Structure formats: C-alpha cells, structure tokens
>>> print(open('entry13.tsv').read())   # TSV, C-alpha atoms
chain	number	residue	atom	x	y	z
A	1	MET	CA	20.64	-15.31	21.20
A	2	ASP	CA	18.27	-14.03	18.55
A	3	HIS	CA	15.38	-14.32	20.96
A	4	LYS	CA	17.33	-12.46	23.65
A	5	ILE	CA	18.22	-9.59	21.30
A	6	LEU	CA	14.63	-9.15	20.12
A	7	GLN	CA	13.18	-9.49	23.60
A	8	THR	CA	15.56	-6.84	24.92
A	9	THR	CA	14.74	-4.57	21.98
A	10	ARG	CA	11.04	-4.79	22.83
A	11	GLU	CA	11.73	-4.11	26.52
A	12	LEU	CA	13.80	-1.02	25.77
A	13	ILE	CA	11.18	0.31	23.33
A	14	ASP	CA	8.47	-0.25	25.95
A	15	GLU	CA	10.50	1.58	28.57
A	16	ALA	CA	11.80	4.57	26.62
A	17	GLY	CA	10.31	4.57	23.12
A	18	TYR	CA	11.83	3.91	19.72
A	19	PRO	CA	13.77	7.19	19.34
A	20	ALA	CA	15.82	6.43	22.48
A	21	LEU	CA	16.66	2.89	21.34
A	22	THR	CA	20.29	2.23	20.40
A	23	VAL	CA	22.14	-0.90	19.38
A	24	ASP	CA	24.60	-0.16	22.22
A	25	ARG	CA	21.87	-0.30	24.84
A	26	VAL	CA	20.47	-3.51	23.44
A	27	ALA	CA	23.93	-5.09	23.46
A	28	ALA	CA	24.60	-3.99	27.06
A	29	ARG	CA	21.24	-5.09	28.45
A	30	ALA	CA	21.18	-8.39	26.54
A	31	GLY	CA	24.79	-9.15	27.42
A	32	VAL	CA	25.84	-9.72	23.81
A	33	GLY	CA	28.45	-8.03	21.65
A	34	LYS	CA	27.45	-5.34	19.19
A	35	ALA	CA	29.09	-7.41	16.46
A	36	ALA	CA	26.65	-10.24	17.15
A	37	ILE	CA	23.75	-7.83	16.63
A	38	TYR	CA	25.18	-6.36	13.44
A	39	ARG	CA	25.73	-9.84	12.03
A	40	ARG	CA	21.95	-10.25	12.24
A	41	TYR	CA	20.63	-6.74	11.62
A	42	ALA	CA	22.12	-3.98	9.53
A	43	SER	CA	20.59	-1.17	11.54
A	44	LYS	CA	18.55	-0.19	14.55
A	45	ALA	CA	15.47	0.10	12.34
A	46	GLU	CA	15.86	-3.41	10.96
A	47	MET	CA	16.35	-4.85	14.46
A	48	ALA	CA	13.30	-2.98	15.74
A	49	PHE	CA	11.20	-4.13	12.79
A	50	ALA	CA	12.15	-7.74	13.59
A	51	ALA	CA	11.28	-7.20	17.25
A	52	LEU	CA	8.00	-5.37	16.68
A	53	VAL	CA	6.49	-6.65	13.45
A	54	HIS	CA	7.94	-10.05	12.71
A	55	GLY	CA	11.14	-12.02	12.55
A	56	GLN	CA	12.89	-13.32	9.47
A	57	ARG	CA	10.70	-16.41	9.54
A	58	LEU	CA	7.00	-16.64	10.21
A	59	PRO	CA	4.93	-19.56	11.46
A	60	PRO	CA	2.58	-20.99	8.82
A	61	PRO	CA	-0.63	-18.93	8.63
A	62	ALA	CA	-3.67	-20.20	10.51
A	63	ASP	CA	-5.82	-22.62	8.48
A	64	THR	CA	-9.40	-21.45	8.99
A	65	GLY	CA	-10.92	-23.46	6.14
A	66	SER	CA	-11.66	-20.53	3.82
A	67	LEU	CA	-9.70	-18.02	1.77
A	68	HIS	CA	-11.52	-15.12	3.41
A	69	GLY	CA	-10.92	-16.54	6.88
A	70	ASP	CA	-7.23	-17.22	6.28
A	71	LEU	CA	-6.64	-13.72	4.90
A	72	LEU	CA	-8.62	-12.10	7.71
A	73	GLU	CA	-6.65	-13.96	10.37
A	74	LEU	CA	-3.33	-13.04	8.79
A	75	THR	CA	-4.27	-9.40	8.25
A	76	ARG	CA	-5.52	-8.98	11.81
A	77	THR	CA	-2.27	-10.43	13.15
A	78	PHE	CA	-0.16	-8.12	11.00
A	79	HIS	CA	-2.34	-5.13	11.77
A	80	ALA	CA	-2.01	-5.63	15.52
A	81	ARG	CA	1.78	-5.47	15.19
A	82	MET	CA	2.05	-2.87	12.42
A	83	ALA	CA	-0.31	-0.40	14.09
A	84	ALA	CA	1.49	-0.34	17.46
A	85	PRO	CA	2.88	3.14	18.20
A	86	ALA	CA	6.51	1.96	18.15
A	87	ALA	CA	5.98	0.21	14.80
A	88	ARG	CA	4.62	3.48	13.41
A	89	HIS	CA	7.92	5.06	14.38
A	90	VAL	CA	10.05	2.28	12.98
A	91	ALA	CA	8.40	1.70	9.63
A	92	PRO	CA	8.95	5.12	7.99
A	93	ALA	CA	12.53	5.19	9.30
A	94	LEU	CA	13.13	1.75	7.85
A	95	MET	CA	11.53	2.71	4.53
A	96	SER	CA	13.84	5.66	4.05
A	97	GLU	CA	16.85	3.52	5.03
A	98	LEU	CA	15.79	0.92	2.46
A	99	ALA	CA	15.56	3.57	-0.25
A	100	ALA	CA	19.05	4.84	0.54
A	101	ASN	CA	20.79	1.50	1.07
A	102	PRO	CA	20.44	-1.17	-1.65
A	103	GLU	CA	22.23	-3.79	0.45
A	104	LEU	CA	19.81	-3.37	3.35
A	105	ASP	CA	16.96	-3.35	0.85
A	106	SER	CA	18.02	-6.66	-0.61
A	107	ARG	CA	18.36	-8.23	2.88
A	108	PHE	CA	14.91	-6.92	3.73
A	109	GLN	CA	13.49	-8.44	0.54
A	110	ASP	CA	15.17	-11.80	1.12
A	111	THR	CA	14.13	-12.14	4.75
A	112	PHE	CA	11.07	-10.25	5.98
A	113	LEU	CA	9.27	-9.76	2.67
A	114	ALA	CA	10.08	-13.30	1.56
A	115	ALA	CA	8.55	-14.58	4.82
A	116	GLU	CA	5.34	-12.60	4.21
A	117	HIS	CA	5.27	-13.79	0.62
A	118	ALA	CA	5.62	-17.44	1.68
A	119	GLY	CA	2.70	-17.13	4.11
A	120	LEU	CA	0.48	-15.66	1.42
A	121	ALA	CA	1.61	-18.29	-1.10
A	122	GLU	CA	0.52	-20.97	1.35
A	123	ILE	CA	-2.91	-19.38	1.76
A	124	VAL	CA	-3.30	-19.20	-2.02
A	125	GLU	CA	-2.25	-22.86	-2.42
A	126	ARG	CA	-4.80	-23.98	0.15
A	127	ALA	CA	-7.54	-22.01	-1.60
A	128	VAL	CA	-6.63	-23.62	-4.92
A	129	ALA	CA	-6.64	-27.07	-3.27
A	130	ARG	CA	-10.09	-26.38	-1.78
A	131	GLY	CA	-11.36	-25.24	-5.18
A	132	GLU	CA	-12.04	-21.69	-3.98
A	133	LEU	CA	-9.60	-20.31	-6.56
A	134	ALA	CA	-9.68	-21.56	-10.15
A	135	GLY	CA	-5.86	-21.66	-10.14
A	136	PRO	CA	-2.85	-20.03	-8.57
A	137	VAL	CA	-2.60	-16.25	-8.24
A	138	ASP	CA	0.74	-14.46	-7.91
A	139	PRO	CA	1.17	-13.98	-4.14
A	140	THR	CA	2.72	-10.60	-4.92
A	141	ILE	CA	-0.68	-9.26	-5.95
A	142	VAL	CA	-2.18	-10.49	-2.68
A	143	HIS	CA	0.74	-8.98	-0.82
A	144	LEU	CA	0.16	-5.59	-2.42
A	145	LEU	CA	-3.62	-5.57	-2.06
A	146	LEU	CA	-3.58	-6.63	1.56
A	147	LEU	CA	-0.33	-5.84	3.38
A	148	GLY	CA	0.74	-3.11	0.94
A	149	SER	CA	-2.55	-1.27	1.32
A	150	LEU	CA	-2.40	-1.75	5.09
A	151	ALA	CA	1.15	-0.35	5.25
A	152	ALA	CA	0.11	2.61	3.10
A	153	GLY	CA	-2.93	3.23	5.31
A	154	LEU	CA	-0.89	3.13	8.51
A	155	TYR	CA	2.35	4.75	7.41
A	156	ILE	CA	1.55	7.10	4.51
A	157	ILE	CA	-2.13	8.03	4.74
A	158	ASN	CA	-1.87	7.77	8.52
A	159	LEU	CA	-5.33	6.33	9.00
A	160	PRO	CA	-6.83	4.90	12.18
A	161	VAL	CA	-7.46	1.49	10.57
A	162	ASP	CA	-10.22	-0.33	12.47
A	163	ASP	CA	-11.51	-3.87	12.20
A	164	ALA	CA	-14.35	-2.88	9.84
A	165	MET	CA	-11.78	-1.48	7.42
A	166	ILE	CA	-9.61	-4.57	7.73
A	167	THR	CA	-12.62	-6.75	7.00
A	168	ASP	CA	-13.49	-4.64	3.94
A	169	LEU	CA	-9.90	-4.85	2.67
A	170	VAL	CA	-9.94	-8.62	3.12
A	171	THR	CA	-13.35	-9.03	1.47
A	172	ALA	CA	-12.31	-6.89	-1.50
A	173	THR	CA	-8.97	-8.69	-1.82
A	174	ALA	CA	-10.46	-12.19	-1.56
A	175	THR	CA	-13.14	-11.35	-4.13
A	176	GLY	CA	-10.63	-9.57	-6.33
A	177	ILE	CA	-8.08	-12.38	-6.47
A	178	THR	CA	-10.86	-14.91	-7.00
A	179	ALA	CA	-11.80	-12.97	-10.12
A	180	LEU	CA	-8.15	-12.81	-11.21
A	181	ALA	CA	-7.77	-16.57	-10.75
A	182	GLY	CA	-10.89	-17.14	-12.85
A	183	ARG	CA	-9.61	-14.76	-15.47
A	184	HIS	CA	-6.12	-16.26	-15.67
A	185	HIS	CA	-7.24	-19.88	-15.49
A	186	GLY	CA	-10.31	-19.84	-17.65
A	187	GLU	CA	-13.03	-20.51	-15.06
A	188	PRO	CA	-16.43	-19.87	-16.66
A	189	GLY	CA	-17.25	-17.08	-14.17
A	190	GLY	CA	-13.92	-15.38	-14.81
A	191	GLU	CA	-14.59	-14.28	-18.38
A	192	PRO	CA	-10.94	-14.95	-19.14
A	193	HIS	CA	-10.67	-13.80	-22.73
A	194	GLY	CA	-11.87	-11.24	-25.19
A	195	ASP	CA	-13.41	-8.77	-22.77
A	196	PRO	CA	-10.82	-6.62	-21.09
A	197	HIS	CA	-13.37	-5.23	-18.64
A	198	GLY	CA	-15.10	-8.51	-17.93
A	199	ALA	CA	-13.60	-9.34	-14.57
A	200	ALA	CA	-14.32	-5.86	-13.29
A	201	ARG	CA	-18.06	-6.01	-13.67
A	202	PRO	CA	-20.39	-6.01	-10.66
A	203	GLY	CA	-19.71	-9.64	-9.83
A	204	PRO	CA	-20.92	-11.87	-12.64
A	205	PRO	CA	-24.55	-10.81	-13.22
A	206	SER	CA	-26.86	-13.67	-12.34
A	207	PRO	CA	-28.09	-15.35	-15.52
A	208	ASP	CA	-31.69	-14.49	-14.66
A	209	ARG	CA	-30.84	-10.80	-14.78
A	210	ALA	CA	-28.66	-11.03	-17.87
B	211	MET	CA	4.37	31.68	-9.58
B	212	ASP	CA	3.36	28.19	-8.49
B	213	HIS	CA	3.88	26.93	-12.00
B	214	LYS	CA	7.30	28.57	-12.20
B	215	ILE	CA	8.43	27.01	-8.90
B	216	LEU	CA	7.33	23.51	-9.90
B	217	GLN	CA	8.72	23.83	-13.42
B	218	THR	CA	12.10	24.92	-12.03
B	219	THR	CA	12.06	22.10	-9.52
B	220	ARG	CA	11.55	19.58	-12.34
B	221	GLU	CA	14.34	21.15	-14.40
B	222	LEU	CA	16.82	21.04	-11.53
B	223	ILE	CA	15.93	17.42	-10.74
B	224	ASP	CA	16.37	16.52	-14.41
B	225	GLU	CA	19.75	18.22	-14.50
B	226	ALA	CA	21.31	17.08	-11.24
B	227	GLY	CA	19.00	14.60	-9.52
B	228	TYR	CA	16.89	14.85	-6.39
B	229	PRO	CA	19.69	14.67	-3.79
B	230	ALA	CA	21.32	17.82	-5.22
B	231	LEU	CA	18.04	19.76	-5.19
B	232	THR	CA	17.77	22.62	-2.69
B	233	VAL	CA	15.12	25.23	-2.05
B	234	ASP	CA	17.86	27.86	-2.46
B	235	ARG	CA	18.63	26.74	-6.00
B	236	VAL	CA	14.97	26.66	-6.95
B	237	ALA	CA	14.49	30.18	-5.56
B	238	ALA	CA	17.55	31.51	-7.43
B	239	ARG	CA	16.74	29.89	-10.78
B	240	ALA	CA	13.02	30.72	-10.62
B	241	GLY	CA	13.72	34.27	-9.49
B	242	VAL	CA	11.44	34.07	-6.46
B	243	GLY	CA	12.11	34.51	-2.75
B	244	LYS	CA	12.62	31.50	-0.51
B	245	ALA	CA	9.79	32.77	1.66
B	246	ALA	CA	7.42	32.47	-1.29
B	247	ILE	CA	8.41	28.84	-1.67
B	248	TYR	CA	8.08	28.06	2.02
B	249	ARG	CA	4.62	29.64	2.09
B	250	ARG	CA	3.61	26.93	-0.37
B	251	TYR	CA	5.74	23.95	0.63
B	252	ALA	CA	7.08	23.05	4.04
B	253	SER	CA	10.12	21.22	2.73
B	254	LYS	CA	12.16	20.23	-0.28
B	255	ALA	CA	10.46	16.83	-0.29
B	256	GLU	CA	6.96	18.34	-0.34
B	257	MET	CA	7.91	20.71	-3.17
B	258	ALA	CA	9.46	17.86	-5.15
B	259	PHE	CA	6.42	15.66	-4.60
B	260	ALA	CA	4.21	18.44	-5.99
B	261	ALA	CA	6.52	18.85	-8.99
B	262	LEU	CA	6.92	15.15	-9.75
B	263	VAL	CA	3.76	13.36	-8.70
B	264	HIS	CA	0.96	15.88	-8.59
B	265	GLY	CA	0.00	19.31	-7.39
B	266	GLN	CA	-2.41	20.17	-4.61
B	267	ARG	CA	-5.29	19.94	-7.05
B	268	LEU	CA	-5.91	17.36	-9.72
B	269	PRO	CA	-7.98	17.58	-12.89
B	270	PRO	CA	-11.12	15.42	-12.81
B	271	PRO	CA	-10.30	11.81	-13.73
B	272	ALA	CA	-10.90	10.67	-17.32
B	273	ASP	CA	-14.43	9.38	-17.92
B	274	THR	CA	-13.99	6.15	-19.90
B	275	GLY	CA	-17.52	4.85	-19.41
B	276	SER	CA	-16.68	2.00	-17.03
B	277	LEU	CA	-15.42	1.60	-13.47
B	278	HIS	CA	-12.58	-0.64	-14.65
B	279	GLY	CA	-11.61	1.80	-17.39
B	280	ASP	CA	-11.70	4.85	-15.10
B	281	LEU	CA	-9.58	3.13	-12.45
B	282	LEU	CA	-7.12	1.82	-15.04
B	283	GLU	CA	-6.66	5.25	-16.58
B	284	LEU	CA	-6.11	6.87	-13.20
B	285	THR	CA	-3.73	4.17	-11.98
B	286	ARG	CA	-1.64	4.29	-15.16
B	287	THR	CA	-1.34	8.08	-14.84
B	288	PHE	CA	-0.26	7.86	-11.20
B	289	HIS	CA	2.08	4.97	-11.90
B	290	ALA	CA	3.90	6.85	-14.65
B	291	ARG	CA	4.65	9.66	-12.21
B	292	MET	CA	5.19	7.61	-9.05
B	293	ALA	CA	7.60	5.17	-10.71
B	294	ALA	CA	9.95	7.82	-12.15
B	295	PRO	CA	13.43	7.53	-10.62
B	296	ALA	CA	13.25	10.95	-8.97
B	297	ALA	CA	9.85	10.14	-7.45
B	298	ARG	CA	11.36	6.96	-5.99
B	299	HIS	CA	13.89	9.19	-4.24
B	300	VAL	CA	11.35	11.71	-3.03
B	301	ALA	CA	8.64	9.43	-1.71
B	302	PRO	CA	10.53	7.62	1.07
B	303	ALA	CA	12.11	10.91	2.16
B	304	LEU	CA	8.69	12.51	2.29
B	305	MET	CA	7.23	9.55	4.18
B	306	SER	CA	9.80	9.78	6.93
B	307	GLU	CA	9.31	13.56	7.13
B	308	LEU	CA	5.55	13.02	7.46
B	309	ALA	CA	6.08	10.58	10.31
B	310	ALA	CA	8.30	13.04	12.17
B	311	ASN	CA	6.32	16.21	11.52
B	312	PRO	CA	2.58	16.22	12.35
B	313	GLU	CA	2.08	19.69	10.86
B	314	LEU	CA	3.53	18.63	7.49
B	315	ASP	CA	1.50	15.43	7.74
B	316	SER	CA	-1.73	17.32	8.19
B	317	ARG	CA	-0.92	19.63	5.24
B	318	PHE	CA	-0.14	16.58	3.13
B	319	GLN	CA	-3.46	15.00	4.11
B	320	ASP	CA	-5.44	18.15	3.39
B	321	THR	CA	-3.90	18.85	-0.01
B	322	PHE	CA	-2.35	15.96	-1.94
B	323	LEU	CA	-4.22	13.06	-0.34
B	324	ALA	CA	-7.49	15.00	-0.38
B	325	ALA	CA	-7.01	15.60	-4.12
B	326	GLU	CA	-6.47	11.87	-4.75
B	327	HIS	CA	-9.46	11.06	-2.59
B	328	ALA	CA	-11.68	13.48	-4.52
B	329	GLY	CA	-10.70	11.90	-7.85
B	330	LEU	CA	-11.54	8.43	-6.58
B	331	ALA	CA	-14.80	9.67	-5.07
B	332	GLU	CA	-15.79	10.99	-8.47
B	333	ILE	CA	-15.04	7.65	-10.13
B	334	VAL	CA	-17.12	5.85	-7.50
B	335	GLU	CA	-20.02	8.29	-7.97
B	336	ARG	CA	-20.03	7.75	-11.72
B	337	ALA	CA	-20.03	3.98	-11.26
B	338	VAL	CA	-22.99	4.25	-8.89
B	339	ALA	CA	-24.81	6.51	-11.39
B	340	ARG	CA	-24.17	3.98	-14.19
B	341	GLY	CA	-25.47	1.16	-11.99
B	342	GLU	CA	-22.10	-0.64	-11.92
B	343	LEU	CA	-21.94	-0.32	-8.15
B	344	ALA	CA	-24.99	-1.12	-6.00
B	345	GLY	CA	-24.24	1.97	-3.90
B	346	PRO	CA	-21.39	4.17	-2.73
B	347	VAL	CA	-18.15	2.68	-1.43
B	348	ASP	CA	-15.82	4.60	0.88
B	349	PRO	CA	-13.21	6.11	-1.47
B	350	THR	CA	-10.62	5.44	1.24
B	351	ILE	CA	-10.87	1.71	0.56
B	352	VAL	CA	-10.32	2.31	-3.16
B	353	HIS	CA	-7.44	4.61	-2.32
B	354	LEU	CA	-5.77	1.93	-0.20
B	355	LEU	CA	-6.37	-0.95	-2.60
B	356	LEU	CA	-5.15	0.93	-5.64
B	357	LEU	CA	-2.80	3.80	-4.84
B	358	GLY	CA	-1.78	2.43	-1.43
B	359	SER	CA	-0.81	-0.92	-2.89
B	360	LEU	CA	0.97	0.83	-5.77
B	361	ALA	CA	2.94	3.04	-3.36
B	362	ALA	CA	3.86	-0.01	-1.27
B	363	GLY	CA	4.94	-1.90	-4.38
B	364	LEU	CA	7.12	0.93	-5.62
B	365	TYR	CA	8.48	2.33	-2.38
B	366	ILE	CA	8.53	-0.51	0.16
B	367	ILE	CA	8.60	-3.80	-1.74
B	368	ASN	CA	10.59	-2.06	-4.47
B	369	LEU	CA	8.96	-3.95	-7.32
B	370	PRO	CA	9.31	-3.28	-11.02
B	371	VAL	CA	5.55	-2.73	-11.45
B	372	ASP	CA	4.57	-3.36	-15.10
B	373	ASP	CA	1.33	-2.78	-16.94
B	374	ALA	CA	0.18	-6.39	-16.44
B	375	MET	CA	0.47	-5.92	-12.70
B	376	ILE	CA	-1.34	-2.58	-12.84
B	377	THR	CA	-4.14	-4.21	-14.80
B	378	ASP	CA	-4.38	-7.04	-12.27
B	379	LEU	CA	-4.49	-4.56	-9.38
B	380	VAL	CA	-7.24	-2.62	-11.12
B	381	THR	CA	-9.24	-5.75	-11.98
B	382	ALA	CA	-8.99	-7.04	-8.42
B	383	THR	CA	-9.88	-3.63	-6.97
B	384	ALA	CA	-12.85	-3.06	-9.30
B	385	THR	CA	-14.21	-6.54	-8.61
B	386	GLY	CA	-13.49	-6.21	-4.90
B	387	ILE	CA	-15.25	-2.88	-4.40
B	388	THR	CA	-18.16	-4.08	-6.51
B	389	ALA	CA	-18.59	-6.92	-4.03
B	390	LEU	CA	-18.30	-4.49	-1.11
B	391	ALA	CA	-20.95	-2.22	-2.63
B	392	GLY	CA	-23.27	-5.20	-3.06
B	393	ARG	CA	-22.59	-6.30	0.47
B	394	HIS	CA	-23.13	-2.87	2.04
B	395	HIS	CA	-26.14	-1.96	-0.09
B	396	GLY	CA	-27.98	-5.25	-0.21
B	397	GLU	CA	-27.63	-6.12	-3.91
B	398	PRO	CA	-28.79	-9.72	-4.41
B	399	GLY	CA	-25.35	-10.82	-5.65
B	400	GLY	CA	-23.63	-9.21	-2.69
B	401	GLU	CA	-24.89	-11.60	-0.02
B	402	PRO	CA	-25.09	-8.67	2.36
B	403	HIS	CA	-26.13	-10.38	5.58
B	404	GLY	CA	-25.79	-13.49	7.60
B	405	ASP	CA	-22.76	-15.00	5.89
B	406	PRO	CA	-19.55	-13.32	6.93
B	407	HIS	CA	-17.58	-15.09	4.20
B	408	GLY	CA	-20.14	-14.68	1.48
B	409	ALA	CA	-18.58	-11.84	-0.45
B	410	ALA	CA	-15.24	-13.62	-0.50
B	411	ARG	CA	-16.42	-16.64	-2.43
B	412	PRO	CA	-15.30	-17.28	-6.00
B	413	GLY	CA	-17.65	-14.68	-7.47
B	414	PRO	CA	-21.25	-15.54	-6.71
B	415	PRO	CA	-21.64	-19.14	-7.89
B	416	SER	CA	-23.98	-19.29	-10.86
B	417	PRO	CA	-27.37	-20.58	-9.75
B	418	ASP	CA	-27.04	-23.52	-12.12
B	419	ARG	CA	-23.95	-24.67	-10.27
B	420	ALA	CA	-25.31	-23.95	-6.81
>>> encode(input="entry13.tsv", output="structure tokens")
Amino acid sequence: MDHKILQTTRELIDEAGYPALTVDRVAARAGVGKAAIYRRYASKAEMAFAALVHGQRLPPPADTGSLHGDLLELTRTFHARMAAPAARHVAPALMSELAANPELDSRFQDTFLAAEHAGLAEIVERAVARGELAGPVDPTIVHLLLLGSLAAGLYIINLPVDDAMITDLVTATATGITALAGRHHGEPGGEPHGDPHGAARPGPPSPDRA
Amino acid sequence: MDHKILQTTRELIDEAGYPALTVDRVAARAGVGKAAIYRRYASKAEMAFAALVHGQRLPPPADTGSLHGDLLELTRTFHARMAAPAARHVAPALMSELAANPELDSRFQDTFLAAEHAGLAEIVERAVARGELAGPVDPTIVHLLLLGSLAAGLYIINLPVDDAMITDLVTATATGITALAGRHHGEPGGEPHGDPHGAARPGPPSPDRA
C-alpha cells in the first residue's frame, strides 16, 4: 500500500504540480482511505517528500571502492531527486511545517534523516575499514557538509547546482573529513594535538618543502 | 531610520516573541510610517532576519592571520545569531516565503546573501595573498560548506550545534577548500589532473609512506 500511495503521489504531482496535490486526491486515485495515508504521513508535504526525495528507508549506498566515489554516487543520487522542480516546492513547505510542529519534526528526524544518517555512517565505516580514514568520523558532520550544504544551495541560496559543483562539494567534504579523522584519531598527517590550526593548513606540506 | 526600525524589531521580539511581531507594531513603536518599512523590507520575516541575523551590509570579517582562524571567527559570529530562538522561528518562515515569492528571493540574494558572499570572498582573497591557498576558490563553495551546512543543521536537521561541531565544520571546510584550490590551480599537493579521486585521499600521503 505504501508503494501505491507514493506512486500515486508522484503521478498527481507530474500531472498537476505540487500546489494542486491533496491527500484527498491521492486517497481517491490510489483507492485507499485517508486514514491509511495519515497513519503513514502527517501531512501532504511529508508524503510528497517521501514520494519525491526518498522513503523512510534507503537502500545501502553504492560501494564504489573509495570514499570519494561513494560520496559522489550518493550525492548525485540525492541531487537528482532534491533538485527536481516539485521537490523545490515541497522542501521549503516541509521545512516551515517542521519548525512549527515538533511532533512532525521528531518523526522526520526518526525516519528520513535517520535513513540518510545510516547511509553516510555505512560509507564512513567502509572508508575506515579500507584505511582511507584514520578512524570513525561523526556521520552528522558528513551529513551537514554534503547534504546540508546541498539543501541550502537548492532551497535557500537557490543555486543552479551543476555536476562540477557537486564534485567540488564531494572533494572538499572527503578531504575535510579525512583531516578530521586524522585529527581525532592521532594519524601522523592529522596533527591531532597542540596546534589548533593544524588540520586547516594547505594539506600537510610535503616534507621537502617544510 | 534603518537603525531605529531594526532596534524596535529586536525589542518587540524580545518582549513578545517572533509570532506576535507585526509591521504595524514596529511602525507604531518606532514612530515611522509602514510605507517606510515596506520600502526597506518586503515582509515581516525579511525585517526580522535583518534585525536578528544581519543587515544588508556586513562589516569586513575579522583578520586573524589564518584561513582557519578567519573562518572560525566568522562562523562563530553567524552561529550566535542564527541559533538564537527568535532566529530559529524566522528562518524557516523566511525560507518558505522565498520559495513562494521570486521578487523577495531576488532581493534576498542581492542583499543578505551577497553580503555573506562578499565576506567569504575577502577571507579567500587574504588566504591566497598569504599563500595558504594555491589560488582563488569560488566563495559559493565556502558559503555552502560553512553557512549552508550551519543553516541546514539549525533549521532542517534541528541540531544543537555546539562549538566543537562548529570547529569541526571549519576545520573540514578549510582543509577541503585548500585541497580544491590545489586541485584547480595545480599546486603539487593538489594532484590537479588525471586522478579524479586524488584530492579526496587521506591528505596527500607523505612521500616516505608512498
């Protein structure tokens, strides 16, 4: 039934746009009761977010063999969904609903954001296992640097984010969290202690230039 | 008169909170006409943003002598304003107004966002002049990684952002844009060509480990 609700939501948005979407129309077209929809989604915006951006669970992120590759794959996938015109309508509406409704906010945190967080945690774990990161990094930081900055670019700054910008965001994030991991876990290159500005220097200077 | 309007806006928010704020009350208390307010601000949310977060111009960012220090100073200043309870009310309201009103959005871009952009551009220029960055980096990327991620953390993910997290965001951003500058401007450490994942590796490996 979940699939049917989300599929119908996408169809109706394609046909008439997000503003014309109503829970009533979705219920009628999908042949389900409104109560069944409201058991799953607290509002039209939450239902549309699930239909357009992602559901309450996500498949495991693609394993490309590198931290940069995994983050790039994930960010491109999210960008494709987040940048769609209907998603640009939904997201600001959902954000202001979240700010006004703590119950909806906590559902959103426990479902959609938790799913994003879990995907990023898996990418971080793989990078630690491969030895690309000196130790674990809080997935929240990765979330903010990558998906937070992307959301801000699309929904607040209203930028036309292209693939070159996505690649730059991913490169900066991958390099940045690698430095954080070194810093927090005492990797030689991470200059973990005693120099508060250490990890922010122009990449570790090569010894022959030092 | 600008100062008087913003000062009165802050007073009224302090006294009764953002939801109770109206342009009428600001006009009455400040002793100015509503038209004078609407010439400056298109809405209550825009006026409150100017009063709480920052005006349409910003003073030049503090010059601390390092890229990390400059970014940390700027981010702490923005965080203190952006995280205030009233700002948490205003921002989502403003974001949904921006999405619904292209004229307001373009004013917002040309004033507030342009002011933030200019401050970050100045920090980047100084870092290039000091030799910390191999060449200029698009200030938009810095904007997204730092203030975009902060806005997402505060207003979408609804995180209690503390100073440790701010410091991590700044460290990751400074390291990340340093790698981008190296990559775009051909610094030896930046591995600018031929290896699409180069800049994402755990800092450039030291030659003695390579």
>>> closest_residue(input="entry13.tsv", among="B:Ala324, B:Leu304, B:Pro269, B:Arg239", to="B:Arg220", atoms="all atoms listed in the file")
B:Arg239
>>> interface_residues(input="entry13.tsv", of="chain B", to="chain A", cutoff="6 Å", atoms="all atoms listed in the file", output="ChimeraX atom specification")
/B:278,302-303,306,342,354-355,358-359,362,381-382,384-388,410,412-413
>>> write_last_selection(input="entry13.tsv", atoms="C-alpha atoms", output="short mmCIF file (atom, residue, chain, number, x, y, z; two decimals), keeping the file's coordinate frame")
data_model
loop_
_atom_site.label_atom_id
_atom_site.label_comp_id
_atom_site.auth_asym_id
_atom_site.auth_seq_id
_atom_site.Cartn_x
_atom_site.Cartn_y
_atom_site.Cartn_z
CA HIS B 278 -12.58 -0.64 -14.65
CA PRO B 302 10.53 7.62 1.07
CA ALA B 303 12.11 10.91 2.16
CA SER B 306 9.80 9.78 6.93
CA GLU B 342 -22.10 -0.64 -11.92
CA LEU B 354 -5.77 1.93 -0.20
CA LEU B 355 -6.37 -0.95 -2.60
CA GLY B 358 -1.78 2.43 -1.43
CA SER B 359 -0.81 -0.92 -2.89
CA ALA B 362 3.86 -0.01 -1.27
CA THR B 381 -9.24 -5.75 -11.98
CA ALA B 382 -8.99 -7.04 -8.42
CA ALA B 384 -12.85 -3.06 -9.30
CA THR B 385 -14.21 -6.54 -8.61
CA GLY B 386 -13.49 -6.21 -4.90
CA ILE B 387 -15.25 -2.88 -4.40
CA THR B 388 -18.16 -4.08 -6.51
CA ALA B 410 -15.24 -13.62 -0.50
CA PRO B 412 -15.30 -17.28 -6.00
CA GLY B 413 -17.65 -14.68 -7.47
#
>>> atom_distance(input="entry13.tsv", atom1="atom CA of A:Leu120", atom2="atom CA of A:Val137")
10.2 Å
>>> residues_around(input="entry13.tsv", residues="stretch 11-23 of chain A", least_positions_apart="3", cutoff="10 Å", atoms="only C-alpha atoms", output="JSON list (two decimals) with C-alpha atoms, keeping the file's coordinate frame")
[["chain", "number", "residue", "atom", "x", "y", "z"],
["A", 5, "ILE", "CA", 18.22, -9.59, 21.30],
["A", 6, "LEU", "CA", 14.63, -9.15, 20.12],
["A", 7, "GLN", "CA", 13.18, -9.49, 23.60],
["A", 8, "THR", "CA", 15.56, -6.84, 24.92],
["A", 26, "VAL", "CA", 20.47, -3.51, 23.44],
["A", 27, "ALA", "CA", 23.93, -5.09, 23.46],
["A", 28, "ALA", "CA", 24.60, -3.99, 27.06],
["A", 29, "ARG", "CA", 21.24, -5.09, 28.45],
["A", 33, "GLY", "CA", 28.45, -8.03, 21.65],
["A", 34, "LYS", "CA", 27.45, -5.34, 19.19],
["A", 35, "ALA", "CA", 29.09, -7.41, 16.46],
["A", 37, "ILE", "CA", 23.75, -7.83, 16.63],
["A", 38, "TYR", "CA", 25.18, -6.36, 13.44],
["A", 41, "TYR", "CA", 20.63, -6.74, 11.62],
["A", 43, "SER", "CA", 20.59, -1.17, 11.54],
["A", 44, "LYS", "CA", 18.55, -0.19, 14.55],
["A", 45, "ALA", "CA", 15.47, 0.10, 12.34],
["A", 47, "MET", "CA", 16.35, -4.85, 14.46],
["A", 48, "ALA", "CA", 13.30, -2.98, 15.74],
["A", 51, "ALA", "CA", 11.28, -7.20, 17.25],
["A", 52, "LEU", "CA", 8.00, -5.37, 16.68],
["A", 85, "PRO", "CA", 2.88, 3.14, 18.20],
["A", 86, "ALA", "CA", 6.51, 1.96, 18.15],
["A", 87, "ALA", "CA", 5.98, 0.21, 14.80],
["A", 88, "ARG", "CA", 4.62, 3.48, 13.41],
["A", 89, "HIS", "CA", 7.92, 5.06, 14.38],
["A", 90, "VAL", "CA", 10.05, 2.28, 12.98]]
>>> atom_distance(input="entry13.tsv", atom1="atom CA of A:Ala80", atom2="atom CA of A:Glu125")
24.9 Å
>>> atom_distance(input="entry13.tsv", atom1="atom CA of A:Glu103", atom2="atom CA of A:Pro139")
23.8 Å
>>> residues_around(input="entry13.tsv", residues="B:Asp320", least_positions_apart="6", cutoff="12 Å", atoms="only C-alpha atoms", output="JSON, numbers by chain")
{"A": [157], "B": [266, 267, 313, 314, 326, 327, 328]}
>>> closest_residue(input="entry13.tsv", among="A:Leu72, A:Ala115, A:Met82, A:Ala129", to="A:Asp163", atoms="only C-alpha atoms")
A:Leu72
